[in-house]
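As stored in entry.pdb (PDB, C-alpha atoms):
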ATOM      1  CA  MET F 365     -12.454 -24.560   3.239
ATOM      2  CA  ASP F 366     -15.070 -23.992   0.563
ATOM      3  CA  ILE F 367     -13.597 -21.829  -2.185
ATOM      4  CA  HIS F 368     -17.100 -20.783  -3.263
ATOM      5  CA  SER F 369     -18.169 -19.444   0.121
ATOM      6  CA  PRO F 370     -18.698 -15.678   0.372
ATOM      7  CA  SER F 371     -16.063 -15.324   3.096
ATOM      8  CA  THR F 372     -13.422 -17.098   0.983
ATOM      9  CA  THR F 373     -14.286 -15.024  -2.081
ATOM     10  CA  SER F 374     -14.173 -11.860  -0.002
ATOM     11  CA  ARG F 375     -10.750 -12.782   1.401
ATOM     12  CA  ILE F 376      -9.357 -13.562  -2.076
ATOM     13  CA  LEU F 377     -10.625 -10.233  -3.396
ATOM     14  CA  GLN F 378      -9.202  -8.412  -0.371
ATOM     15  CA  ILE F 379      -5.785  -9.985  -0.929
ATOM     16  CA  ALA F 380      -5.973  -9.148  -4.640
ATOM     17  CA  ALA F 381      -6.790  -5.509  -3.845
ATOM     18  CA  ILE F 382      -3.915  -5.331  -1.355
ATOM     19  CA  VAL F 383      -1.386  -6.824  -3.786
ATOM     20  CA  LEU F 384      -2.559  -4.632  -6.676
ATOM     21  CA  THR F 385      -2.419  -1.520  -4.486
ATOM     22  CA  VAL F 386       1.115  -2.323  -3.349
ATOM     23  CA  ILE F 387       2.206  -2.862  -6.960
ATOM     24  CA  THR F 388       0.831   0.463  -8.156
ATOM     25  CA  ALA F 389       2.124   2.356  -5.104
ATOM     26  CA  VAL F 390       5.627   0.917  -5.513
ATOM     27  CA  ASN F 391       5.614   1.716  -9.250
ATOM     28  CA  HIS F 392       4.648   5.326  -8.593
ATOM     29  CA  LEU F 393       7.145   5.660  -5.756
ATOM     30  CA  PHE F 394       9.941   4.240  -7.910
ATOM     31  CA  ILE F 395       9.143   6.597 -10.801
ATOM     32  CA  GLY F 396       8.955   9.555  -8.423
ATOM     33  CA  ILE F 397      12.264   8.819  -6.738
ATOM     34  CA  ALA F 398      13.968   8.127 -10.072
ATOM     35  CA  ASN F 399      12.961  11.587 -11.351
ATOM     36  CA  LEU F 400      13.787  13.639  -8.248
ATOM     37  CA  GLY F 401      17.239  14.618  -9.510
ATOM     38  CA  ALA F 402      16.130  16.357 -12.694
ATOM     39  CA  PRO F 403      14.976  19.955 -12.151
ATOM     40  CA  ASP F 404      12.586  19.851 -15.131
ATOM     41  CA  THR F 405      10.712  16.828 -13.730
ATOM     42  CA  LEU F 406      10.817  17.718 -10.034
ATOM     43  CA  VAL F 407       7.134  18.665  -9.795
ATOM     44  CA  LEU F 408       6.101  15.495 -11.609
ATOM     45  CA  ALA F 409       8.384  13.427  -9.369
ATOM     46  CA  VAL F 410       6.763  14.881  -6.262
ATOM     47  CA  LEU F 411       3.307  14.149  -7.705
ATOM     48  CA  PHE F 412       4.297  10.507  -8.274
ATOM     49  CA  ILE F 413       5.550  10.227  -4.688
ATOM     50  CA  LEU F 414       2.372  11.827  -3.339
ATOM     51  CA  ASN F 415       0.327   9.430  -5.466
ATOM     52  CA  ALA F 416       2.187   6.485  -3.947
ATOM     53  CA  ALA F 417       1.525   7.911  -0.474
ATOM     54  CA  GLY F 418      -2.161   8.297  -1.343
ATOM     55  CA  PHE F 419      -2.395   4.645  -2.320
ATOM     56  CA  ALA F 420      -0.615   3.668   0.913
ATOM     57  CA  VAL F 421      -3.060   5.686   3.040
ATOM     58  CA  LEU F 422      -6.073   4.274   1.217
ATOM     59  CA  LEU F 423      -4.695   0.756   1.573
ATOM     60  CA  ALA F 424      -4.343   1.348   5.308
ATOM     61  CA  GLY F 425      -7.917   2.618   5.336
ATOM     62  CA  LEU F 426      -9.190  -0.479   3.550
ATOM     63  CA  SER F 427      -7.273  -3.109   5.442
ATOM     64  CA  THR F 428      -6.631  -1.674   8.926
ATOM     65  CA  ARG F 429      -8.067   0.797  11.406
ATOM     66  CA  LEU F 430      -5.123   3.203  11.033
ATOM     67  CA  VAL F 431      -7.076   5.831   9.091
ATOM     68  CA  PRO F 432      -9.818   7.029  11.450
ATOM     69  CA  VAL F 433     -11.995   8.681   8.804
ATOM     70  CA  LEU F 434     -12.131   5.417   6.819
ATOM     71  CA  SER F 435     -12.029   2.823   9.599
ATOM     72  CA  GLY F 436     -15.691   3.106  10.486
ATOM     73  CA  ASN F 437     -16.973   3.311   6.941
ATOM     74  CA  ARG F 438     -15.857   0.500   4.684
ATOM     75  CA  ILE F 439     -18.105   1.665   1.830
ATOM     76  CA  LEU F 440     -16.383   5.066   1.850
ATOM     77  CA  ALA F 441     -12.964   3.372   1.967
ATOM     78  CA  HIS F 442     -13.760   1.229  -1.064
ATOM     79  CA  TYR F 443     -15.197   4.078  -3.113
ATOM     80  CA  ALA F 444     -12.305   6.366  -2.135
ATOM     81  CA  MET F 445      -9.846   3.758  -3.435
ATOM     82  CA  ILE F 446     -11.805   3.386  -6.661
ATOM     83  CA  ALA F 447     -12.080   7.168  -7.168
ATOM     84  CA  PHE F 448      -8.387   7.744  -6.409
ATOM     85  CA  THR F 449      -7.425   5.039  -8.898
ATOM     86  CA  VAL F 450      -9.699   6.479 -11.589
ATOM     87  CA  VAL F 451      -8.201   9.940 -11.050
ATOM     88  CA  THR F 452      -4.711   8.418 -11.297
ATOM     89  CA  ILE F 453      -5.572   6.815 -14.641
ATOM     90  CA  MET F 454      -7.128  10.038 -15.921
ATOM     91  CA  ALA F 455      -4.067  12.036 -14.849
ATOM     92  CA  TYR F 456      -1.891   9.635 -16.824
ATOM     93  CA  VAL F 457      -4.076   9.963 -19.916
ATOM     94  CA  PHE F 458      -4.016  13.762 -19.834
ATOM     95  CA  MET F 459      -0.372  14.230 -18.781
ATOM     96  CA  SER F 460       1.464  11.435 -20.581
ATOM     97  CA  GLY F 461       1.235  12.547 -24.193
ATOM     98  CA  ILE F 462      -0.781   9.592 -25.438
ATOM     99  CA  LEU F 463      -3.546  11.989 -26.462
ATOM    100  CA  ARG F 464      -0.942  13.659 -28.718
ATOM    101  CA  GLY F 465      -0.088  10.319 -30.298
ATOM    102  CA  GLU F 466       2.981   9.513 -28.221
ATOM    103  CA  PRO F 467       3.335   5.791 -27.511
ATOM    104  CA  PRO F 468       2.914   4.704 -23.891
ATOM    105  CA  MET F 469       5.886   3.286 -22.036
ATOM    106  CA  PRO F 470       5.662  -0.465 -21.317
ATOM    107  CA  MET F 471       5.710   0.086 -17.542
ATOM    108  CA  ALA F 472       2.837   2.547 -17.898
ATOM    109  CA  ILE F 473       0.785  -0.098 -19.686
ATOM    110  CA  VAL F 474       1.504  -2.629 -16.937
ATOM    111  CA  THR F 475       0.635  -0.089 -14.241
ATOM    112  CA  LYS F 476      -2.629   0.946 -15.919
ATOM    113  CA  ILE F 477      -3.674  -2.710 -16.268
ATOM    114  CA  ASP F 478      -2.811  -3.165 -12.585
ATOM    115  CA  GLU F 479      -4.924  -0.125 -11.707
ATOM    116  CA  LEU F 480      -7.900  -1.351 -13.737
ATOM    117  CA  LEU F 481      -7.677  -4.702 -11.959
ATOM    118  CA  LEU F 482      -7.455  -2.823  -8.646
ATOM    119  CA  ILE F 483     -10.701  -1.003  -9.431
ATOM    120  CA  LEU F 484     -12.366  -4.310 -10.309
ATOM    121  CA  ALA F 485     -11.072  -6.165  -7.225
ATOM    122  CA  THR F 486     -12.028  -3.306  -4.900
ATOM    123  CA  TYR F 487     -15.529  -3.028  -6.363
ATOM    124  CA  LEU F 488     -16.109  -6.786  -6.242
ATOM    125  CA  HIS F 489     -14.797  -6.933  -2.679
ATOM    126  CA  LEU F 490     -17.283  -4.259  -1.658
ATOM    127  CA  ARG F 491     -20.123  -6.240  -3.269
ATOM    128  CA  VAL F 492     -19.138  -9.607  -1.754
ATOM    129  CA  ALA F 493     -18.075  -8.502   1.726
TER     130      ALA F 493
END
What does the file become when written as structure tokens?
Amino acid sequence: MDIHSPSTTSRILQIAAIVLTVITAVNHLFIGIANLGAPDTLVLAVLFILNAAGFAVLLAGLSTRLVPVLSGNRILAHYAMIAFTVVTIMAYVFMSGILRGEPPMPMAIVTKIDELLLILATYLHLRVA
């Protein structure tokens, strides 16, 4: 097995994208479920859960044939994952309070780093595959 072969690099990037997607989806699902009980954060909790579901659907579209609209178009699947992740990061920036000077929570920092790495892995996988 040649680690420098395109197929090996593609597989490593695919695994990285899968792992990073699972991490961000689980983080968003956990935050959503944890906030379901409070009436003042119910809408935000539902948005977190829907975000986790969005990542799960896009992951299925990237790695399986379960999402018909994405299964025949791997370029669309990759760019959809990248766009969804960018929108997720932008939503955090505008909704979190960091623009008002509030410090980010440590888990938010970890999740945003994960999402940036997801964008990178997905883009590189598209270029190598």
Explicit residue set for the PyMOL selection byres ((chain F and resi 414) around 12), as a compact mmCIF listing (two decimals) with C-alpha atoms, in the coordinates of the input:
# COMPACT_ATOMS: atom_id res chain seq x y z
CA ALA F 389 2.12 2.36 -5.10
CA VAL F 390 5.63 0.92 -5.51
CA HIS F 392 4.65 5.33 -8.59
CA LEU F 393 7.14 5.66 -5.76
CA PHE F 394 9.94 4.24 -7.91
CA ILE F 395 9.14 6.60 -10.80
CA GLY F 396 8.96 9.56 -8.42
CA ILE F 397 12.26 8.82 -6.74
CA VAL F 407 7.13 18.66 -9.80
CA LEU F 408 6.10 15.50 -11.61
CA ALA F 409 8.38 13.43 -9.37
CA VAL F 410 6.76 14.88 -6.26
CA LEU F 411 3.31 14.15 -7.70
CA PHE F 412 4.30 10.51 -8.27
CA ILE F 413 5.55 10.23 -4.69
CA ASN F 415 0.33 9.43 -5.47
CA ALA F 416 2.19 6.48 -3.95
CA ALA F 417 1.52 7.91 -0.47
CA GLY F 418 -2.16 8.30 -1.34
CA PHE F 419 -2.40 4.64 -2.32
CA ALA F 420 -0.62 3.67 0.91
CA VAL F 421 -3.06 5.69 3.04
CA PHE F 448 -8.39 7.74 -6.41
CA THR F 452 -4.71 8.42 -11.30
Exercise. Can you list, as a list of chain:residue names, every protein, DNA or RNA residue that comes within 7 Å of F:Leu482 when you count all atoms listed in the file, leaving out same-chain residues fewer than 4 positions away?
Worked result: F:Ala381, F:Leu384, F:Thr385, F:Asp478, F:Thr486
Exercise. What does the distance from atom CA of F:Ala424 to atom CA of F:Leu490 come to in Å, to one decimal?
Worked result: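 These atoms are spaced 15.7 Å apart.
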Exercise. Applied to the shown file, which residues does the PyMOL selection byres ((chain F and resi 443) around 12) return, written as a count of residues only?
Worked result: 28
For this session: One decimal, Å: what's the distance from atom CA of F:Ile453 over to atom CA of F:Lys476, could you say?
Result: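 One can read the atom CA of F:Ile453 to atom CA of F:Lys476 distance as 6.7 Å.
The smallest atom-to-atom distance between F:Val474 and any of F:Ile387, F:Ala402, F:Leu377, F:Val451, using all atoms listed in the file, is found for F:Ile387.
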For this session: Find the distance between atom CA of F:Asp404 and atom CA of F:Asn391 and write it in Å to one decimal.
Result: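 The value is 20.3 Å.
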